[in-house]
Amino acid sequence: MAPSNGAYTMRLADLRDAQAIARIHNEGIRDRTATFETVPRTADQVETELIKRGDRHPTVVVERNGLVVAWASVGAYRSRACYDGIGEFSVYVARDTRGFGVGTMALHGLIGAGETRGFWKLVSRLFPENIASRALCRSLGFREVGIFRQHARLDGQWRDCVVVEVLIGEAALPG
Ligand SMILES: CC(C)(COP(=O)(O)OP(=O)(O)OC[C@H]1O[C@@H](n2cnc3c(N)ncnc32)[C@H](O)[C@@H]1OP(=O)(O)O)[C@@H](O)C(=O)NCCC(=O)NCCS
């Protein structure tokens, strides 16, 4: 049964979610708080990406009353085989649904999906000013590894990134 939080439910994404995933991603792109990307995503691009990633690199969605309000996805960290169990994640919540635990639900669900597939670590890069994403990661056990200085430019301005990681699955077991 899908985990639920009140009216919200979480499940693996499928191709029919591409439009909603693109819509939510584009809100985050417009906010300029989450990503270096500035060009809006199309549903076709999302669909292609979902197909390319397949079941190995899952995307989960949270929905309410049949409407997708958040997604989280894990992509490959590096192409080298030794890093196969490390995933790089993203999580985006629709603007009007932020701050209600939905991001937590999505990322928690993604961690579970990663564990099922044998991943041992999730990593990401966050803008230091993105207090909500740092709080979300902290609350789910992520560690802030350090800061990449002037990692890339957003709208012409150099931006730092906080690197976060969490050990999951067997890697998270004591000893
Ligand atoms: C970052 C984001 C995913 C968080 O999702 P959310 O549903 O708003 O967060 P939640 O309600 O689950 O809250 C998670 C934690 O962050 C805290 N938090 C949420 N919004 C916050 C804010 N604006 N300021 C401070 N803390 C905040 C919550 O108190 C909670 O902490 P707790 O568990 O210790 O109480 C969401 O704000 C978002 O989609 N932002 C735009 C995209 C983005 O920045 N993605 C992250 C980079 S990939």
# chains A, B, ... in the order shown; residues from 1 in each chain; ligands from 1
>>> select_by_dssp(residues="chain A", states="helix (DSSP H, G or I)", output="compact mmCIF listing (two decimals) with N, CA and C atoms, in the first residue's frame")
# COMPACT_ATOMS: atom_id res chain seq x y z
N LEU A 15 4.81 7.52 -16.90
CA LEU A 15 4.91 8.50 -17.99
C LEU A 15 3.76 9.50 -18.00
N ARG A 16 2.62 9.11 -17.43
CA ARG A 16 1.47 10.03 -17.39
C ARG A 16 1.71 11.22 -16.45
N ASP A 17 2.76 11.12 -15.63
CA ASP A 17 3.06 12.20 -14.69
C ASP A 17 3.98 13.27 -15.30
N ALA A 18 4.42 13.06 -16.53
CA ALA A 18 5.45 13.95 -17.11
C ALA A 18 5.01 15.42 -17.10
N GLN A 19 3.77 15.66 -17.46
CA GLN A 19 3.28 17.05 -17.52
C GLN A 19 3.34 17.72 -16.14
N ALA A 20 2.87 16.99 -15.13
CA ALA A 20 2.85 17.55 -13.77
C ALA A 20 4.27 17.74 -13.24
N ILE A 21 5.14 16.79 -13.53
CA ILE A 21 6.53 16.91 -13.07
C ILE A 21 7.18 18.14 -13.70
N ALA A 22 6.95 18.33 -15.00
CA ALA A 22 7.51 19.51 -15.68
C ALA A 22 6.94 20.79 -15.08
N ARG A 23 5.63 20.83 -14.82
CA ARG A 23 5.00 22.04 -14.26
C ARG A 23 5.62 22.40 -12.91
N ILE A 24 5.80 21.41 -12.06
CA ILE A 24 6.36 21.67 -10.72
C ILE A 24 7.83 22.05 -10.82
N HIS A 25 8.56 21.37 -11.70
CA HIS A 25 9.98 21.69 -11.89
C HIS A 25 10.12 23.14 -12.37
N ASN A 26 9.25 23.53 -13.27
CA ASN A 26 9.36 24.89 -13.83
C ASN A 26 9.06 25.97 -12.80
N GLU A 27 8.22 25.68 -11.83
CA GLU A 27 8.03 26.64 -10.74
C GLU A 27 9.36 26.82 -9.98
N GLY A 28 10.03 25.70 -9.73
CA GLY A 28 11.32 25.77 -9.03
C GLY A 28 12.37 26.50 -9.85
N ILE A 29 12.36 26.27 -11.17
CA ILE A 29 13.32 26.97 -12.04
C ILE A 29 13.05 28.47 -12.00
N ARG A 30 11.78 28.85 -12.06
CA ARG A 30 11.43 30.29 -12.03
C ARG A 30 11.80 30.94 -10.71
N ASP A 31 11.72 30.17 -9.61
CA ASP A 31 12.03 30.72 -8.29
C ASP A 31 13.51 31.09 -8.15
N ALA A 43 7.17 18.67 -21.02
CA ALA A 43 6.70 17.34 -20.63
C ALA A 43 7.40 16.26 -21.46
N ASP A 44 7.66 16.57 -22.73
CA ASP A 44 8.36 15.59 -23.59
C ASP A 44 9.75 15.28 -23.05
N GLN A 45 10.45 16.32 -22.60
CA GLN A 45 11.78 16.09 -22.04
C GLN A 45 11.71 15.22 -20.80
N VAL A 46 10.72 15.50 -19.95
CA VAL A 46 10.57 14.70 -18.73
C VAL A 46 10.25 13.25 -19.09
N GLU A 47 9.38 13.08 -20.05
CA GLU A 47 9.01 11.72 -20.46
C GLU A 47 10.23 10.96 -20.97
N THR A 48 11.03 11.62 -21.79
CA THR A 48 12.25 10.99 -22.31
C THR A 48 13.18 10.60 -21.17
N GLU A 49 13.30 11.49 -20.19
CA GLU A 49 14.18 11.24 -19.04
C GLU A 49 13.66 10.06 -18.21
N LEU A 50 12.35 10.01 -18.00
CA LEU A 50 11.78 8.89 -17.23
C LEU A 50 12.07 7.57 -17.93
N ILE A 51 11.95 7.57 -19.25
CA ILE A 51 12.21 6.33 -20.01
C ILE A 51 13.69 5.96 -19.89
N LYS A 52 14.55 6.96 -20.04
CA LYS A 52 16.00 6.71 -19.99
C LYS A 52 16.41 6.16 -18.62
N ARG A 53 15.85 6.72 -17.58
CA ARG A 53 16.24 6.30 -16.23
C ARG A 53 15.69 4.92 -15.89
N ALA A 81 31.41 2.20 -12.69
CA ALA A 81 30.68 1.12 -12.04
C ALA A 81 30.80 1.16 -10.52
N CYS A 82 31.96 1.60 -10.01
CA CYS A 82 32.16 1.60 -8.55
C CYS A 82 31.18 2.53 -7.85
N TYR A 83 30.62 3.50 -8.57
CA TYR A 83 29.70 4.46 -7.97
C TYR A 83 28.23 4.12 -8.26
N ARG A 95 4.52 25.11 -5.60
CA ARG A 95 4.66 26.30 -4.76
C ARG A 95 3.61 26.38 -3.65
N ASP A 96 2.35 26.15 -4.04
CA ASP A 96 1.28 26.35 -3.06
C ASP A 96 1.12 25.17 -2.10
N THR A 97 2.02 24.21 -2.20
CA THR A 97 1.93 23.04 -1.32
C THR A 97 3.17 22.91 -0.43
N VAL A 102 5.12 17.74 2.53
CA VAL A 102 5.06 16.99 1.27
C VAL A 102 6.46 16.67 0.73
N GLY A 103 7.37 17.63 0.87
CA GLY A 103 8.76 17.38 0.45
C GLY A 103 9.35 16.24 1.27
N THR A 104 9.07 16.24 2.56
CA THR A 104 9.55 15.17 3.43
C THR A 104 9.01 13.83 2.94
N MET A 105 7.73 13.81 2.63
CA MET A 105 7.10 12.56 2.16
C MET A 105 7.74 12.07 0.85
N ALA A 106 7.98 13.00 -0.06
CA ALA A 106 8.56 12.63 -1.35
C ALA A 106 9.99 12.11 -1.18
N LEU A 107 10.80 12.84 -0.43
CA LEU A 107 12.21 12.43 -0.30
C LEU A 107 12.33 11.15 0.53
N HIS A 108 11.49 11.04 1.55
CA HIS A 108 11.47 9.80 2.34
C HIS A 108 11.10 8.62 1.44
N GLY A 109 10.12 8.83 0.59
CA GLY A 109 9.71 7.77 -0.34
C GLY A 109 10.83 7.42 -1.31
N LEU A 110 11.55 8.45 -1.76
CA LEU A 110 12.66 8.21 -2.70
C LEU A 110 13.77 7.41 -2.01
N ILE A 111 14.05 7.73 -0.76
CA ILE A 111 15.07 6.97 -0.02
C ILE A 111 14.66 5.50 0.04
N GLY A 112 13.38 5.26 0.33
CA GLY A 112 12.89 3.87 0.37
C GLY A 112 13.05 3.17 -0.98
N ALA A 113 12.71 3.89 -2.04
CA ALA A 113 12.84 3.32 -3.39
C ALA A 113 14.31 3.04 -3.71
N GLY A 114 15.19 3.92 -3.25
CA GLY A 114 16.63 3.73 -3.47
C GLY A 114 17.14 2.51 -2.71
N GLU A 115 16.68 2.37 -1.48
CA GLU A 115 17.12 1.22 -0.66
C GLU A 115 16.68 -0.08 -1.32
N THR A 116 15.45 -0.11 -1.81
CA THR A 116 14.94 -1.31 -2.47
C THR A 116 15.82 -1.71 -3.66
N ILE A 131 17.07 27.58 2.51
CA ILE A 131 16.88 27.13 3.90
C ILE A 131 15.94 25.93 3.98
N ALA A 132 14.86 25.97 3.17
CA ALA A 132 13.88 24.88 3.23
C ALA A 132 14.50 23.55 2.82
N SER A 133 15.31 23.56 1.76
CA SER A 133 15.89 22.29 1.31
C SER A 133 16.94 21.80 2.31
N ARG A 134 17.67 22.73 2.92
CA ARG A 134 18.66 22.31 3.92
C ARG A 134 17.96 21.73 5.14
N ALA A 135 16.84 22.36 5.54
CA ALA A 135 16.08 21.84 6.70
C ALA A 135 15.48 20.48 6.36
N LEU A 136 14.97 20.35 5.16
CA LEU A 136 14.40 19.06 4.74
C LEU A 136 15.46 17.96 4.81
N CYS A 137 16.61 18.24 4.23
CA CYS A 137 17.68 17.22 4.23
C CYS A 137 18.13 16.90 5.66
N ARG A 138 18.30 17.93 6.46
CA ARG A 138 18.73 17.71 7.84
C ARG A 138 17.73 16.81 8.57
N SER A 139 16.45 17.07 8.36
CA SER A 139 15.43 16.32 9.10
C SER A 139 15.38 14.86 8.67
N GLY A 169 20.07 2.18 3.32
CA GLY A 169 20.14 0.72 3.19
C GLY A 169 21.18 0.14 4.13
N GLU A 170 21.89 -0.87 3.63
CA GLU A 170 22.88 -1.54 4.48
C GLU A 170 23.98 -0.61 4.94
N ALA A 171 24.31 0.39 4.14
CA ALA A 171 25.39 1.32 4.50
C ALA A 171 25.03 2.13 5.73
N ALA A 172 23.73 2.25 6.01
CA ALA A 172 23.29 3.05 7.15
C ALA A 172 23.25 2.24 8.43
>>> residues_around(residues="A:Arg149", least_positions_apart="6", cutoff="10 Å", atoms="only C-alpha atoms", output="list in words")
Trp158, Arg159, Asp160, Cys161 and Val162 of chain A
>>> write_last_selection(atoms="all heavy atoms", output="PDB file, in the first residue's frame")
ATOM      1  N   TRP A 158      28.034  34.148  -9.698  1.00  0.00           N
ATOM      2  CA  TRP A 158      28.596  32.935  -9.112  1.00  0.00           C
ATOM      3  C   TRP A 158      27.769  32.513  -7.906  1.00  0.00           C
ATOM      4  O   TRP A 158      27.382  33.366  -7.091  1.00  0.00           O
ATOM      5  CB  TRP A 158      30.038  33.182  -8.643  1.00  0.00           C
ATOM      6  CG  TRP A 158      31.026  33.281  -9.756  1.00  0.00           C
ATOM      7  CD1 TRP A 158      31.721  34.384 -10.147  1.00  0.00           C
ATOM      8  CD2 TRP A 158      31.452  32.220 -10.606  1.00  0.00           C
ATOM      9  NE1 TRP A 158      32.540  34.077 -11.196  1.00  0.00           N
ATOM     10  CE2 TRP A 158      32.400  32.751 -11.499  1.00  0.00           C
ATOM     11  CE3 TRP A 158      31.118  30.853 -10.713  1.00  0.00           C
ATOM     12  CZ2 TRP A 158      33.020  31.989 -12.470  1.00  0.00           C
ATOM     13  CZ3 TRP A 158      31.737  30.088 -11.684  1.00  0.00           C
ATOM     14  CH2 TRP A 158      32.677  30.662 -12.553  1.00  0.00           C
ATOM     15  N   ARG A 159      27.544  31.206  -7.788  1.00  0.00           N
ATOM     16  CA  ARG A 159      26.799  30.695  -6.633  1.00  0.00           C
ATOM     17  C   ARG A 159      27.547  29.520  -6.012  1.00  0.00           C
ATOM     18  O   ARG A 159      28.100  28.668  -6.720  1.00  0.00           O
ATOM     19  CB  ARG A 159      25.399  30.219  -7.070  1.00  0.00           C
ATOM     20  CG  ARG A 159      24.545  31.294  -7.708  1.00  0.00           C
ATOM     21  CD  ARG A 159      24.080  32.337  -6.712  1.00  0.00           C
ATOM     22  NE  ARG A 159      23.196  31.770  -5.726  1.00  0.00           N
ATOM     23  CZ  ARG A 159      21.867  31.738  -5.850  1.00  0.00           C
ATOM     24  NH1 ARG A 159      21.294  32.275  -6.916  1.00  0.00           N
ATOM     25  NH2 ARG A 159      21.118  31.183  -4.916  1.00  0.00           N
ATOM     26  N   ASP A 160      27.569  29.491  -4.689  1.00  0.00           N
ATOM     27  CA  ASP A 160      28.113  28.353  -3.958  1.00  0.00           C
ATOM     28  C   ASP A 160      27.063  27.240  -3.883  1.00  0.00           C
ATOM     29  O   ASP A 160      25.871  27.498  -4.083  1.00  0.00           O
ATOM     30  CB  ASP A 160      28.466  28.748  -2.525  1.00  0.00           C
ATOM     31  CG  ASP A 160      29.573  29.791  -2.460  1.00  0.00           C
ATOM     32  OD1 ASP A 160      30.242  30.014  -3.489  1.00  0.00           O
ATOM     33  OD2 ASP A 160      29.752  30.374  -1.375  1.00  0.00           O
ATOM     34  N   CYS A 161      27.521  26.043  -3.549  1.00  0.00           N
ATOM     35  CA  CYS A 161      26.606  24.917  -3.322  1.00  0.00           C
ATOM     36  C   CYS A 161      27.024  24.167  -2.065  1.00  0.00           C
ATOM     37  O   CYS A 161      28.213  23.906  -1.861  1.00  0.00           O
ATOM     38  CB  CYS A 161      26.663  23.917  -4.482  1.00  0.00           C
ATOM     39  SG  CYS A 161      25.918  24.494  -5.999  1.00  0.00           S
ATOM     40  N   VAL A 162      26.054  23.811  -1.259  1.00  0.00           N
ATOM     41  CA  VAL A 162      26.282  22.925  -0.116  1.00  0.00           C
ATOM     42  C   VAL A 162      26.112  21.485  -0.603  1.00  0.00           C
ATOM     43  O   VAL A 162      25.083  21.163  -1.202  1.00  0.00           O
ATOM     44  CB  VAL A 162      25.268  23.193   1.013  1.00  0.00           C
ATOM     45  CG1 VAL A 162      25.499  22.231   2.178  1.00  0.00           C
ATOM     46  CG2 VAL A 162      25.351  24.642   1.475  1.00  0.00           C
TER      47      VAL A 162
END
>>> closest_residue(among="A:Val61, A:Leu126, A:Val164, A:Met10", to="ligand 1", atoms="only C-alpha atoms and all ligand atoms")
A:Leu126
>>> closest_residue(among="A:Phe148, A:Phe100, A:Trp120, A:Phe127", to="ligand 1", atoms="only C-alpha atoms and all ligand atoms")
A:Phe100
>>> closest_residue(among="A:Gly118, A:Gly101, A:Pro174, A:Gly146", to="ligand 1", atoms="only C-alpha atoms and all ligand atoms")
A:Gly101
>>> atom_distance(atom1="atom CA of A:Ala72", atom2="atom CA of A:Tyr92")
6.4 Å
>>> decode(residues="stretch 20-165 of chain A", atoms="C-alpha atoms", output="compact mmCIF listing (two decimals), in the first residue's frame")
# COMPACT_ATOMS: atom_id res chain seq x y z
CA ALA A 20 2.85 17.55 -13.77
CA ILE A 21 6.53 16.91 -13.07
CA ALA A 22 7.51 19.51 -15.68
CA ARG A 23 5.00 22.04 -14.26
CA ILE A 24 6.36 21.67 -10.72
CA HIS A 25 9.98 21.69 -11.89
CA ASN A 26 9.36 24.89 -13.83
CA GLU A 27 8.03 26.64 -10.74
CA GLY A 28 11.32 25.77 -9.03
CA ILE A 29 13.32 26.97 -12.04
CA ARG A 30 11.43 30.29 -12.03
CA ASP A 31 12.03 30.72 -8.29
CA ARG A 32 15.83 30.71 -8.88
CA THR A 33 16.35 29.08 -5.46
CA ALA A 34 16.87 25.45 -6.37
CA THR A 35 18.85 24.93 -9.55
CA PHE A 36 21.27 26.45 -12.05
CA GLU A 37 18.80 25.62 -14.79
CA THR A 38 16.99 28.60 -16.31
CA VAL A 39 15.28 27.02 -19.30
CA PRO A 40 11.82 25.54 -18.63
CA ARG A 41 11.38 21.79 -18.97
CA THR A 42 8.83 20.36 -21.36
CA ALA A 43 6.70 17.34 -20.63
CA ASP A 44 8.36 15.59 -23.59
CA GLN A 45 11.78 16.09 -22.04
CA VAL A 46 10.57 14.70 -18.73
CA GLU A 47 9.01 11.72 -20.46
CA THR A 48 12.25 10.99 -22.31
CA GLU A 49 14.18 11.24 -19.04
CA LEU A 50 11.78 8.89 -17.23
CA ILE A 51 12.21 6.33 -20.01
CA LYS A 52 16.00 6.71 -19.99
CA ARG A 53 16.24 6.30 -16.23
CA GLY A 54 13.91 3.31 -16.13
CA ASP A 55 13.34 1.46 -12.89
CA ARG A 56 17.01 1.66 -11.85
CA HIS A 57 16.76 5.41 -11.21
CA PRO A 58 13.23 5.95 -9.90
CA THR A 59 11.07 9.03 -9.60
CA VAL A 60 8.33 9.21 -6.98
CA VAL A 61 5.37 11.56 -6.92
CA VAL A 62 3.10 12.75 -4.14
CA GLU A 63 -0.49 13.38 -5.09
CA ARG A 64 -3.56 14.82 -3.49
CA ASN A 65 -7.04 14.22 -4.86
CA GLY A 66 -5.47 12.81 -8.01
CA LEU A 67 -3.26 15.88 -8.60
CA VAL A 68 0.51 15.48 -8.47
CA VAL A 69 1.90 18.10 -6.07
CA ALA A 70 5.52 16.98 -5.68
CA TRP A 71 8.15 14.73 -7.10
CA ALA A 72 11.58 13.43 -6.16
CA SER A 73 13.96 11.60 -8.42
CA VAL A 74 17.32 9.92 -8.29
CA GLY A 75 19.78 10.04 -11.16
CA ALA A 76 23.19 8.49 -11.70
CA TYR A 77 25.99 10.13 -9.70
CA ARG A 78 28.81 9.05 -12.06
CA SER A 79 29.07 6.56 -14.90
CA ARG A 80 31.88 4.52 -13.28
CA ALA A 81 30.68 1.12 -12.04
CA CYS A 82 32.16 1.60 -8.55
CA TYR A 83 29.70 4.46 -7.97
CA ASP A 84 26.66 2.51 -9.14
CA GLY A 85 25.02 2.62 -5.71
CA ILE A 86 25.27 6.40 -5.33
CA GLY A 87 22.34 8.44 -6.57
CA GLU A 88 22.02 12.17 -7.08
CA PHE A 89 18.57 13.33 -6.07
CA SER A 90 16.23 16.25 -6.73
CA VAL A 91 13.00 17.10 -4.94
CA TYR A 92 10.43 19.69 -5.97
CA VAL A 93 7.11 20.61 -4.37
CA ALA A 94 4.44 22.74 -6.07
CA ARG A 95 4.66 26.30 -4.76
CA ASP A 96 1.28 26.35 -3.06
CA THR A 97 1.93 23.04 -1.32
CA ARG A 98 5.31 23.80 0.26
CA GLY A 99 5.73 23.71 4.03
CA PHE A 100 3.15 20.98 4.71
CA GLY A 101 5.43 17.96 4.92
CA VAL A 102 5.06 16.99 1.27
CA GLY A 103 8.76 17.38 0.45
CA THR A 104 9.55 15.17 3.43
CA MET A 105 7.10 12.56 2.16
CA ALA A 106 8.56 12.63 -1.35
CA LEU A 107 12.21 12.43 -0.30
CA HIS A 108 11.47 9.80 2.34
CA GLY A 109 9.71 7.77 -0.34
CA LEU A 110 12.66 8.21 -2.70
CA ILE A 111 15.07 6.97 -0.02
CA GLY A 112 12.89 3.87 0.37
CA ALA A 113 12.84 3.32 -3.39
CA GLY A 114 16.63 3.73 -3.47
CA GLU A 115 17.12 1.22 -0.66
CA THR A 116 14.94 -1.31 -2.47
CA ARG A 117 17.22 -0.97 -5.50
CA GLY A 118 20.44 -1.42 -3.53
CA PHE A 119 21.63 2.18 -3.41
CA TRP A 120 23.94 2.95 -0.49
CA LYS A 121 24.10 6.73 -0.69
CA LEU A 122 22.14 9.73 -1.94
CA VAL A 123 23.86 13.04 -2.59
CA SER A 124 22.88 16.45 -3.85
CA ARG A 125 24.00 20.06 -4.09
CA LEU A 126 21.90 22.83 -2.57
CA PHE A 127 22.18 26.58 -2.67
CA PRO A 128 23.25 27.74 0.82
CA GLU A 129 20.35 30.22 0.80
CA ASN A 130 17.81 27.43 0.23
CA ILE A 131 16.88 27.13 3.90
CA ALA A 132 13.88 24.88 3.23
CA SER A 133 15.89 22.29 1.31
CA ARG A 134 18.66 22.31 3.92
CA ALA A 135 16.08 21.84 6.70
CA LEU A 136 14.40 19.06 4.74
CA CYS A 137 17.68 17.22 4.23
CA ARG A 138 18.73 17.71 7.84
CA SER A 139 15.43 16.32 9.10
CA LEU A 140 15.91 13.16 7.03
CA GLY A 141 19.44 12.51 8.30
CA PHE A 142 21.52 14.09 5.55
CA ARG A 143 24.95 15.44 6.49
CA GLU A 144 26.34 18.65 5.02
CA VAL A 145 29.70 17.57 3.64
CA GLY A 146 31.02 20.99 2.71
CA ILE A 147 30.66 23.85 0.30
CA PHE A 148 31.63 24.07 -3.34
CA ARG A 149 32.69 27.68 -3.83
CA GLN A 150 31.60 29.47 -7.01
CA HIS A 151 30.35 26.20 -8.44
CA ALA A 152 28.58 27.76 -11.42
CA ARG A 153 26.82 30.95 -12.48
CA LEU A 154 23.09 31.55 -12.19
CA ASP A 155 21.90 34.56 -14.18
CA GLY A 156 25.53 35.63 -14.43
CA GLN A 157 26.21 35.46 -10.69
CA TRP A 158 28.60 32.94 -9.11
CA ARG A 159 26.80 30.69 -6.63
CA ASP A 160 28.11 28.35 -3.96
CA CYS A 161 26.61 24.92 -3.32
CA VAL A 162 26.28 22.93 -0.12
CA VAL A 163 27.04 19.25 -0.73
CA VAL A 164 24.80 16.85 1.20
CA GLU A 165 24.88 13.08 1.60
